[in-house]
$ cat query_2.tsv   # TSV, C-alpha atoms
chain	number	residue	atom	x	y	z
A	779	MET	CA	6.83	-13.14	23.07
A	780	ALA	CA	8.86	-9.94	22.81
A	781	GLN	CA	10.13	-8.29	25.96
A	782	MET	CA	9.15	-4.65	26.54
A	783	TYR	CA	11.80	-1.98	27.16
A	784	SER	CA	11.73	1.57	28.49
A	785	PHE	CA	14.91	2.99	26.90
A	786	ASN	CA	15.34	5.21	30.00
A	787	ARG	CA	12.49	7.39	28.80
A	788	ARG	CA	12.59	11.12	29.31
A	789	ASN	CA	10.57	12.37	32.28
A	790	SER	CA	7.61	14.45	31.20
A	791	GLN	CA	4.51	15.98	32.71
A	792	ALA	CA	1.43	13.73	32.57
A	793	VAL	CA	-1.41	15.11	30.44
A	794	LYS	CA	-4.89	13.55	30.54
A	795	VAL	CA	-7.05	13.36	27.41
A	796	ALA	CA	-10.48	11.93	28.21
A	797	GLY	CA	-8.96	9.50	30.71
A	798	LEU	CA	-6.05	8.62	28.42
A	799	GLN	CA	-2.65	9.61	29.80
A	800	ILE	CA	0.08	11.08	27.62
A	801	GLY	CA	3.52	11.35	29.20
A	802	GLY	CA	4.40	10.89	32.83
A	803	GLY	CA	5.77	7.42	32.13
A	804	ALA	CA	2.61	6.12	30.43
A	805	PRO	CA	2.95	3.79	27.41
A	806	ILE	CA	3.37	5.50	24.04
A	807	VAL	CA	-0.06	6.65	22.79
A	808	VAL	CA	-0.85	5.79	19.16
A	809	GLN	CA	-2.96	8.21	17.17
A	810	SER	CA	-4.06	9.06	13.62
A	811	MET	CA	-6.09	11.65	11.71
A	812	ASN	CA	-9.35	11.10	9.84
A	813	ASN	CA	-9.23	11.78	6.10
A	814	ARG	CA	-12.95	11.91	5.36
A	815	PRO	CA	-14.44	15.34	4.43
A	816	ALA	CA	-15.12	17.39	7.56
A	817	LEU	CA	-18.89	17.48	6.90
A	818	ASP	CA	-19.21	13.73	6.25
A	819	VAL	CA	-20.59	12.76	9.64
A	820	ALA	CA	-21.43	9.14	8.83
A	821	GLY	CA	-18.15	8.57	7.00
A	822	ASN	CA	-16.10	9.94	9.88
A	823	ILE	CA	-17.97	7.90	12.49
A	824	GLU	CA	-17.42	4.75	10.44
A	825	GLN	CA	-13.73	5.55	10.03
A	826	ILE	CA	-13.31	6.17	13.75
A	827	GLN	CA	-14.79	2.75	14.45
A	828	ARG	CA	-12.32	1.10	12.08
A	829	LEU	CA	-9.45	3.02	13.65
A	830	ALA	CA	-10.48	1.86	17.10
A	831	GLU	CA	-10.63	-1.75	15.92
A	832	ALA	CA	-7.09	-1.34	14.56
A	833	GLY	CA	-5.86	-0.17	17.98
A	834	CYS	CA	-5.91	3.60	17.55
A	835	GLN	CA	-6.19	5.42	20.88
A	836	MET	CA	-7.01	8.93	19.68
A	837	THR	CA	-7.77	10.59	16.33
A	838	ARG	CA	-7.82	14.12	14.98
A	839	LEU	CA	-10.43	15.83	12.82
A	840	ALA	CA	-9.97	19.00	10.78
A	841	VAL	CA	-12.28	21.88	11.73
A	842	PRO	CA	-11.83	24.37	8.86
A	843	ASN	CA	-15.04	26.36	9.38
A	844	ALA	CA	-18.12	26.80	11.57
A	845	LYS	CA	-20.11	24.13	9.70
A	846	ALA	CA	-17.33	21.64	10.37
A	847	ALA	CA	-17.57	22.49	14.08
A	848	GLY	CA	-21.26	21.55	13.92
A	849	ALA	CA	-20.40	18.25	12.24
A	850	PHE	CA	-17.69	17.68	14.85
A	851	LYS	CA	-20.34	17.82	17.57
A	852	GLU	CA	-22.40	15.12	15.82
A	853	ILE	CA	-19.35	12.94	15.28
A	854	LYS	CA	-18.20	13.38	18.87
A	855	ALA	CA	-21.57	12.20	20.18
A	856	LYS	CA	-21.01	8.78	18.55
A	857	SER	CA	-17.24	8.50	18.67
A	858	VAL	CA	-15.62	5.55	20.45
A	859	LEU	CA	-12.28	7.41	20.57
A	860	PRO	CA	-11.11	10.70	22.10
A	861	LEU	CA	-11.25	13.37	19.39
A	862	VAL	CA	-8.76	16.15	18.72
A	863	ALA	CA	-9.97	19.27	16.91
A	864	ASP	CA	-7.41	20.52	14.39
A	865	ILE	CA	-7.58	24.33	14.26
A	866	HIS	CA	-5.70	26.81	12.09
A	867	PHE	CA	-5.87	30.59	11.58
A	868	GLN	CA	-9.08	31.31	13.55
A	869	ALA	CA	-9.23	30.91	17.33
A	870	SER	CA	-13.02	31.31	17.09
A	871	LEU	CA	-13.10	27.81	15.60
A	872	ALA	CA	-11.27	26.52	18.67
A	873	ILE	CA	-14.00	27.98	20.84
A	874	LEU	CA	-16.66	26.30	18.71
A	875	ALA	CA	-14.78	22.98	18.87
A	876	LEU	CA	-14.57	23.24	22.66
A	877	GLN	CA	-18.29	23.91	22.82
A	878	ALA	CA	-18.80	20.87	20.56
A	879	GLY	CA	-17.06	18.68	23.14
A	880	CYS	CA	-13.58	18.09	21.71
A	881	ASP	CA	-11.23	16.17	24.00
A	882	LYS	CA	-8.13	18.02	22.88
A	883	LEU	CA	-7.22	21.03	20.71
A	884	ARG	CA	-4.45	21.15	18.15
A	885	LEU	CA	-3.35	24.77	17.74
A	886	ASN	CA	-0.48	26.60	16.10
A	887	PRO	CA	-0.52	29.98	17.88
A	888	GLY	CA	1.96	31.26	15.28
A	889	ASN	CA	-0.68	31.27	12.52
A	890	ILE	CA	-3.49	32.77	14.62
A	891	ARG	CA	-3.44	36.56	14.27
A	892	ASP	CA	-6.18	37.53	16.73
A	893	LYS	CA	-4.27	37.05	19.99
A	894	GLU	CA	-7.15	38.19	22.20
A	895	GLU	CA	-9.42	35.58	20.70
A	896	LEU	CA	-6.64	33.01	21.08
A	897	LYS	CA	-6.40	33.91	24.76
A	898	ARG	CA	-10.16	33.44	25.19
A	899	ALA	CA	-9.94	30.00	23.56
A	900	VAL	CA	-7.04	28.97	25.81
A	901	ILE	CA	-8.86	30.18	28.93
A	902	LEU	CA	-11.98	28.21	27.93
A	903	ALA	CA	-9.87	25.09	27.27
A	904	GLU	CA	-8.37	25.37	30.75
A	905	LYS	CA	-11.80	25.84	32.29
A	906	LEU	CA	-13.08	22.72	30.52
A	907	LYS	CA	-9.86	20.81	31.32
A	908	VAL	CA	-9.17	20.22	27.63
A	909	PRO	CA	-5.46	19.81	26.80
A	910	ILE	CA	-3.84	21.74	23.97
A	911	ARG	CA	-1.37	20.29	21.53
A	912	VAL	CA	0.85	23.13	20.41
A	913	GLY	CA	1.86	22.16	16.89
A	914	VAL	CA	4.63	23.73	14.82
A	915	ASN	CA	5.45	22.64	11.27
A	916	SER	CA	8.42	23.55	9.09
A	917	GLY	CA	6.00	24.94	6.51
A	918	SER	CA	4.24	27.34	8.89
A	919	LEU	CA	7.04	29.25	10.60
A	920	SER	CA	6.52	32.97	11.16
A	921	PRO	CA	8.38	35.49	8.93
A	922	GLN	CA	10.21	36.72	12.04
A	923	ILE	CA	11.53	33.26	12.91
A	924	LEU	CA	12.56	32.60	9.30
A	925	GLN	CA	14.36	35.92	9.12
A	926	ARG	CA	16.13	35.19	12.39
A	927	PHE	CA	17.29	31.67	11.49
A	928	GLY	CA	17.38	31.89	7.69
A	929	ALA	CA	15.64	28.55	7.04
A	930	PRO	CA	13.13	26.11	8.61
A	931	ASN	CA	15.92	24.29	10.45
A	932	ALA	CA	15.82	22.59	13.83
A	933	GLU	CA	16.76	25.77	15.72
A	934	ALA	CA	13.94	27.69	14.04
A	935	LEU	CA	11.37	25.01	14.84
A	936	VAL	CA	12.38	24.84	18.50
A	937	ALA	CA	12.29	28.63	18.84
A	938	GLN	CA	8.84	28.80	17.25
A	939	ALA	CA	7.54	25.99	19.45
A	940	LEU	CA	8.81	27.52	22.70
A	941	GLU	CA	7.37	30.89	21.72
A	942	ALA	CA	3.99	29.28	21.02
A	943	VAL	CA	4.07	27.37	24.30
A	944	ARG	CA	4.76	30.60	26.18
A	945	GLU	CA	1.64	32.16	24.64
A	946	VAL	CA	-0.49	29.26	25.85
A	947	GLU	CA	1.15	29.13	29.29
A	948	GLU	CA	0.79	32.89	29.83
A	949	ALA	CA	-2.92	32.57	29.10
A	950	GLY	CA	-3.09	30.18	32.06
A	951	HIS	CA	-3.20	26.75	30.47
A	952	SER	CA	-1.73	23.83	32.41
A	953	GLN	CA	-2.10	20.79	30.10
A	954	ILE	CA	0.12	21.02	27.00
A	955	VAL	CA	1.55	18.57	24.47
A	956	ILE	CA	4.17	19.86	22.03
A	957	SER	CA	4.56	18.76	18.43
A	958	ILE	CA	7.41	19.75	16.11
A	959	LYS	CA	7.06	18.34	12.62
A	960	SER	CA	9.26	18.38	9.55
A	961	SER	CA	9.36	16.31	6.38
A	962	ASP	CA	13.09	15.77	7.00
A	963	PRO	CA	13.82	13.00	9.55
A	964	ARG	CA	17.16	14.60	10.43
A	965	ILE	CA	15.52	17.91	11.36
A	966	LEU	CA	12.82	16.04	13.29
A	967	ILE	CA	15.47	14.23	15.33
A	968	GLU	CA	17.60	17.30	16.03
A	969	ALA	CA	14.63	19.52	16.93
A	970	ASN	CA	13.03	17.04	19.32
A	971	ARG	CA	16.34	16.26	21.00
A	972	GLU	CA	16.75	19.96	21.75
A	973	LEU	CA	13.12	20.42	22.75
A	974	SER	CA	13.33	17.45	25.14
A	975	ARG	CA	16.12	19.26	26.99
A	976	ARG	CA	14.26	22.56	27.22
A	977	THR	CA	10.76	21.61	28.32
A	978	PHE	CA	8.99	19.13	30.56
A	979	TRP	CA	5.80	18.87	28.47
A	980	PRO	CA	5.11	15.56	26.68
A	981	LEU	CA	6.12	15.39	23.02
A	982	HIS	CA	4.13	14.16	20.02
A	983	LEU	CA	6.34	12.68	17.29
A	984	GLY	CA	5.60	12.55	13.59
A	985	LEU	CA	6.85	13.56	10.18
A	986	THR	CA	4.76	15.92	8.10
A	987	GLU	CA	4.25	15.04	4.44
A	988	ALA	CA	5.92	11.70	5.18
A	989	GLY	CA	4.93	10.30	1.78
A	990	THR	CA	3.47	7.13	0.31
A	991	GLU	CA	3.04	4.06	2.47
A	992	ARG	CA	6.41	2.52	1.59
A	993	GLY	CA	8.45	5.73	1.62
A	994	GLY	CA	6.62	7.16	4.61
A	995	LEU	CA	7.20	4.02	6.64
A	996	LEU	CA	10.94	4.15	6.04
A	997	ARG	CA	11.26	7.88	6.73
A	998	SER	CA	9.13	7.63	9.86
A	999	ALA	CA	11.06	4.62	11.13
A	1000	ALA	CA	14.30	6.59	10.72
A	1001	GLY	CA	13.02	9.73	12.46
A	1002	ILE	CA	10.47	8.56	15.01
A	1003	GLY	CA	12.29	5.30	15.70
A	1004	THR	CA	15.56	7.05	16.47
A	1005	LEU	CA	13.90	9.37	18.98
A	1006	LEU	CA	11.92	6.59	20.65
A	1007	ALA	CA	15.10	4.55	21.03
A	1008	GLU	CA	16.59	7.55	22.85
A	1009	GLY	CA	13.62	7.66	25.23
A	1010	ILE	CA	12.10	10.75	23.58
A	1011	GLY	CA	8.42	10.85	22.68
A	1012	ASP	CA	5.11	10.20	24.44
A	1013	THR	CA	2.66	9.85	21.56
A	1014	ILE	CA	3.16	9.14	17.85
A	1015	ARG	CA	1.53	9.26	14.46
A	1016	ILE	CA	3.04	7.77	11.31
A	1017	SER	CA	1.52	9.94	8.57
A	1018	LEU	CA	0.95	8.03	5.34
A	1019	GLN	CA	-0.84	8.59	2.04
A	1020	ALA	CA	-3.05	5.61	2.87
A	1021	GLU	CA	-6.11	4.72	4.87
A	1022	PRO	CA	-5.58	5.75	8.53
A	1023	GLU	CA	-5.80	2.15	9.73
A	1024	ARG	CA	-2.54	1.51	7.88
A	1025	GLU	CA	-0.94	4.22	10.02
A	1026	ILE	CA	-1.98	2.37	13.17
A	1027	LYS	CA	-0.54	-0.89	11.90
A	1028	ALA	CA	2.73	0.90	11.12
A	1029	CYS	CA	2.85	2.52	14.56
A	1030	TYR	CA	2.51	-0.78	16.36
A	1031	GLU	CA	5.06	-2.47	14.11
A	1032	LEU	CA	7.55	0.26	14.97
A	1033	LEU	CA	6.79	0.10	18.70
A	1034	ARG	CA	7.08	-3.69	18.67
A	1035	ALA	CA	10.40	-3.51	16.83
A	1036	LEU	CA	11.73	-1.30	19.64
A	1037	GLY	CA	10.22	-3.41	22.41
A	1038	LEU	CA	7.88	-0.57	23.43
A	1039	SER	CA	4.64	-2.48	22.81
A	1040	ASN	CA	3.58	-6.10	22.63
A	1041	ARG	CA	0.17	-5.44	21.09
A	1042	GLY	CA	-0.73	-7.59	18.11
A	1043	ALA	CA	1.11	-10.29	16.22
A	1044	GLU	CA	4.60	-9.92	14.82
A	1045	LEU	CA	5.50	-11.78	11.63
A	1046	ILE	CA	9.10	-12.85	11.07
A	1047	VAL	CA	9.83	-13.93	7.50
A	1048	CYS	CA	13.19	-14.97	6.10
A	1049	PRO	CA	14.16	-13.38	2.76
A	1050	GLY	CA	14.64	-16.72	1.04
A	1051	CYS	CA	17.77	-18.06	-0.63
A	1052	GLY	CA	18.97	-20.83	-2.89
A	1053	ARG	CA	17.70	-23.43	-0.40
A	1054	THR	CA	14.09	-22.16	-0.59
A	1055	GLU	CA	11.88	-24.62	-2.45
A	1056	VAL	CA	8.39	-23.36	-1.49
A	1057	ASP	CA	6.37	-20.27	-2.51
A	1058	LEU	CA	7.33	-18.31	0.57
A	1059	ARG	CA	6.24	-14.88	-0.69
A	1060	LYS	CA	2.67	-15.92	-1.49
A	1061	LEU	CA	2.31	-17.56	1.90
A	1062	ALA	CA	3.82	-14.58	3.71
A	1063	LEU	CA	1.38	-12.11	2.12
A	1064	ARG	CA	-1.58	-14.34	2.98
A	1065	LEU	CA	-0.36	-14.75	6.54
A	1066	GLU	CA	0.27	-11.01	6.96
A	1067	ASP	CA	-3.35	-10.22	6.06
A	1068	TYR	CA	-4.61	-12.73	8.61
A	1069	LEU	CA	-2.29	-11.51	11.39
A	1070	ALA	CA	-3.55	-7.94	10.93
A	1071	THR	CA	-6.70	-9.13	12.75
A	1072	VAL	CA	-4.81	-10.64	15.69
A	1073	LYS	CA	-4.53	-8.47	18.80
A	1074	GLU	CA	-2.78	-10.97	21.08
A	1075	PRO	CA	1.01	-10.51	21.54
A	1076	LEU	CA	2.18	-13.42	19.39
A	1077	THR	CA	5.31	-13.89	17.31
A	1078	VAL	CA	4.83	-15.96	14.17
A	1079	ALA	CA	7.70	-17.06	11.93
A	1080	LEU	CA	7.76	-18.18	8.33
A	1081	MET	CA	11.08	-19.64	7.22
A	1082	GLY	CA	12.18	-21.03	3.89
A	1083	CYS	CA	14.60	-23.67	5.14
A	1084	VAL	CA	13.86	-26.76	7.20
A	1085	VAL	CA	17.53	-27.08	8.15
A	1086	ASN	CA	17.97	-23.71	9.88
A	1087	GLY	CA	14.41	-22.34	10.04
A	1088	PRO	CA	13.28	-23.54	13.50
A	1089	GLY	CA	16.58	-22.55	15.08
A	1090	GLU	CA	16.67	-19.12	13.46
A	1091	ALA	CA	13.13	-18.45	14.73
A	1092	ARG	CA	13.68	-19.97	18.15
A	1093	GLU	CA	11.97	-17.07	19.94
A	1094	ALA	CA	8.78	-17.35	17.86
A	1095	ASP	CA	5.65	-18.74	19.47
A	1096	VAL	CA	4.75	-20.69	16.36
A	1097	GLY	CA	5.76	-20.93	12.73
A	1098	LEU	CA	6.50	-22.86	9.57
A	1099	ALA	CA	9.78	-23.82	7.96
A	1100	GLY	CA	9.55	-24.89	4.34
A	1101	GLY	CA	11.23	-27.74	2.51
A	1102	LYS	CA	10.68	-29.24	-0.94
A	1103	GLY	CA	6.89	-29.21	-1.20
A	1104	ASN	CA	6.44	-29.60	2.56
A	1105	PHE	CA	6.69	-27.69	5.82
A	1106	ALA	CA	7.70	-28.31	9.40
A	1107	LEU	CA	5.33	-26.77	11.96
A	1108	PHE	CA	7.18	-25.66	15.08
A	1109	ARG	CA	6.51	-24.05	18.44
A	1110	ALA	CA	9.23	-22.39	20.50
A	1111	GLY	CA	11.85	-23.75	18.11
A	1112	LYS	CA	10.69	-27.38	18.33
A	1113	ILE	CA	9.11	-29.23	15.41
A	1114	ILE	CA	5.64	-30.54	16.34
A	1115	ALA	CA	4.38	-31.72	12.93
A	1116	LYS	CA	5.47	-32.30	9.34
A	1117	LEU	CA	2.93	-31.15	6.74
A	1118	ASN	CA	2.55	-31.06	3.00
A	1119	GLU	CA	2.34	-27.69	1.26
A	1120	THR	CA	-1.43	-27.79	0.75
A	1121	GLU	CA	-2.28	-28.31	4.44
A	1122	ALA	CA	0.45	-26.21	6.06
A	1123	TYR	CA	-1.31	-22.82	6.09
A	1124	ALA	CA	-4.58	-24.11	7.59
A	1125	ARG	CA	-2.72	-26.03	10.28
A	1126	LEU	CA	-0.63	-22.97	11.18
A	1127	ILE	CA	-3.78	-20.86	11.54
A	1128	GLN	CA	-5.32	-23.54	13.75
A	1129	GLU	CA	-2.24	-23.48	15.98
A	1130	ILE	CA	-2.37	-19.67	16.21
A	1131	GLU	CA	-6.05	-19.79	17.14
A	1132	ASN	CA	-5.22	-22.30	19.88
A	1133	LEU	CA	-2.66	-19.87	21.28
A	1134	ARG	CA	-5.21	-17.05	21.12
A	1135	GLU	CA	-7.63	-19.15	23.17
A	1136	ASP	CA	-4.91	-19.66	25.76
A	1137	PHE	CA	-4.57	-15.88	26.08
A	1138	SER	CA	-8.34	-15.50	26.48
A	1139	GLU	CA	-8.38	-18.03	29.30
A	1140	LEU	CA	-5.64	-16.11	31.12
A	1141	LYS	CA	-7.71	-12.90	31.18

$ encode --input "query_2.tsv" --output "structure tokens"
Amino acid sequence: MAQMYSFNRRNSQAVKVAGLQIGGGAPIVVQSMNNRPALDVAGNIEQIQRLAEAGCQMTRLAVPNAKAAGAFKEIKAKSVLPLVADIHFQASLAILALQAGCDKLRLNPGNIRDKEELKRAVILAEKLKVPIRVGVNSGSLSPQILQRFGAPNAEALVAQALEAVREVEEAGHSQIVISIKSSDPRILIEANRELSRRTFWPLHLGLTEAGTERGGLLRSAAGIGTLLAEGIGDTIRISLQAEPEREIKACYELLRALGLSNRGAELIVCPGCGRTEVDLRKLALRLEDYLATVKEPLTVALMGCVVNGPGEAREADVGLAGGKGNFALFRAGKIIAKLNETEAYARLIQEIENLREDFSELK
């Protein structure tokens, strides 16, 4: 099982969201955003349930109008996760979302023109002890900031974020999370490095418009992964053009790769070479689908060579190493059975289930 690391994480203020702690040394919080229409109450409730089953700890819902705020209230009443209300342009919608019971607000003060109404929303959030995520995106910088810096670069994003935070702080709010997002991983890294030096509030990490599942995963791993490895970041979302549950899977894979989480199963698969004489790819895809349902912190290996496979996957809890039409089943680097190709998968699953039972007995 993988060891967990802290990477000398940046000290940040603890912020509580419905009993869930962000920052202050707490484990990285994994979140997503619903993609069902705002008025689809049943669809959103069902999606929240699936997100929770995937390991999501918090999700965000768009509140584009007053009707959506009404739907938010219905969804909140049946939600198994803390809900964040995503508000733009109108602070009156933030007030409605607070009245509907949201657990957290996502605001960009820079695109809210009515500052008095914004102040009323912030005061109400403080009264209700609802944290505010101050979000700034490269596509929503104010004309003044763009004129000052000339482009949506890291310096412009940090300046906009600190200005927005001041607005919220001056209105008397004491529970803030800051989010700077760009579609460029390099800008994301530079901006959050600077922001981490200039504020004590916890930071939410994520790329905006990250892309398709494959491209978005790579871009997010480059940007978010770099910052996490430097100890920066308290909560993350990997934004993908895919079902939100896929975002959660990607988050945990990234956290596991960095030793920041041991939730769920990790699959190690060799790329194959001239020695591979079994259909490794087909087996790997089948095994990956199964392991998506496993929550216990297991490491499973699938190797294409009997000669080196067990040794190369020595740290795995269990795995298979393929030969010509057969497999060696191994645990902790030691071969425990030799199997033909037709029985290997079922026997591996049985061994994994045995390990899962061992975890259940330890609880």

$ closest_residue --input "query_2.tsv" --among "A:Ala969, A:Ala796, A:Leu995, A:Leu1005" --to "A:Glu1025" --atoms "all atoms listed in the file"
A:Leu995

$ residues_around --input "query_2.tsv" --residues "A:Asp1095" --least-positions-apart "6" --cutoff "9 Å" --atoms "all atoms listed in the file" --output "VMD selection string"
chain A and resid 779 1076 to 1079 1108 to 1111 1130 1133

$ atom_distance --input "query_2.tsv" --atom1 "atom CA of A:Ala1115" --atom2 "atom CA of A:Ile1127"
13.7 Å

$ atom_distance --input "query_2.tsv" --atom1 "atom CA of A:Lys845" --atom2 "atom CA of A:Ser918"
24.6 Å

$ closest_residue --input "query_2.tsv" --among "A:Ala942, A:Leu919, A:Met811, A:Leu983" --to "A:Lys893" --atoms "all atoms listed in the file"
A:Ala942

$ residues_around --input "query_2.tsv" --residues "stretch 875-881 of chain A" --least-positions-apart "5" --cutoff "6 Å" --atoms "all atoms listed in the file" --output "number ranges by chain"
A: 847, 851, 860-862, 908

$ atom_distance --input "query_2.tsv" --atom1 "atom CA of A:Leu874" --atom2 "atom CA of A:Gly797"
22.0 Å

$ closest_residue --input "query_2.tsv" --among "A:Ser920, A:Thr1013, A:Asn915, A:Ser957" --to "A:Met836" --atoms "all atoms listed in the file"
A:Thr1013

$ closest_residue --input "query_2.tsv" --among "A:Leu1032, A:Ala949, A:Ile1046, A:Val1096" --to "A:Gly1003" --atoms "all atoms listed in the file"
A:Leu1032

$ residues_near_point --input "query_2.tsv" --point "(7.2, -12.9, 9.7)" --cutoff "12 Å" --atoms "all atoms listed in the file" --output "PyMOL selection string"
chain A and resi 1031+1043-1049+1058-1059+1061-1070+1076-1082+1087+1090-1091+1094-1099

$ closest_atom_pairs --input "query_2.tsv" --of "stretch 853-899 of chain A" --to "stretch 934-941 of chain A" --cutoff "9 Å" --atoms "all atoms listed in the file" --output "tab-separated table"
residue	atom	partner	partner_atom	distance
A:Asn886	CA	A:Ala939	CA	8.7
A:Pro887	CA	A:Glu941	CA	8.8
A:Gly888	CA	A:Gln938	CA	7.6

$ residues_around --input "query_2.tsv" --residues "A:Val955" --least-positions-apart "4" --cutoff "12 Å" --atoms "all atoms listed in the file" --output "NGL selection string"
:A and (790-795 or 799-802 or 882-886 or 908-914 or 939-940 or 942-943 or 946-947 or 951 or 973-974 or 977-983 or 1011-1014)

$ closest_residue --input "query_2.tsv" --among "A:Thr837, A:Asn822, A:Ser961, A:Gln925" --to "A:Ala849" --atoms "only C-alpha atoms"
A:Asn822

$ closest_residue --input "query_2.tsv" --among "A:Phe1105, A:Ile967, A:Gln809, A:Asp818" --to "A:Ile1016" --atoms "all atoms listed in the file"
A:Gln809

$ residues_around --input "query_2.tsv" --residues "A:Val841" --least-positions-apart "5" --cutoff "9 Å" --atoms "only C-alpha atoms" --output "PDB file with C-alpha atoms, in the frame of the given file"
ATOM      1  CA  ALA A 816     -15.120  17.390   7.560  1.00  0.00           C
ATOM      2  CA  ALA A 846     -17.330  21.640  10.370  1.00  0.00           C
ATOM      3  CA  ALA A 847     -17.570  22.490  14.080  1.00  0.00           C
ATOM      4  CA  ALA A 849     -20.400  18.250  12.240  1.00  0.00           C
ATOM      5  CA  PHE A 850     -17.690  17.680  14.850  1.00  0.00           C
ATOM      6  CA  ALA A 863      -9.970  19.270  16.910  1.00  0.00           C
ATOM      7  CA  ASP A 864      -7.410  20.520  14.390  1.00  0.00           C
ATOM      8  CA  ILE A 865      -7.580  24.330  14.260  1.00  0.00           C
ATOM      9  CA  HIS A 866      -5.700  26.810  12.090  1.00  0.00           C
ATOM     10  CA  LEU A 871     -13.100  27.810  15.600  1.00  0.00           C
ATOM     11  CA  ALA A 872     -11.270  26.520  18.670  1.00  0.00           C
ATOM     12  CA  ALA A 875     -14.780  22.980  18.870  1.00  0.00           C
TER      13      ALA A 875
END

$ residues_around --input "query_2.tsv" --residues "A:Ser998" --least-positions-apart "6" --cutoff "10 Å" --atoms "only C-alpha atoms" --output "list in words"
Ser961, Asp962, Pro963, Leu966, Leu983, Gly984, Leu985, Thr986, Ala988, Gly989, Thr1004, Arg1015, Ile1016, Ser1017, Leu1018, Ala1028, Cys1029 and Leu1032 of chain A
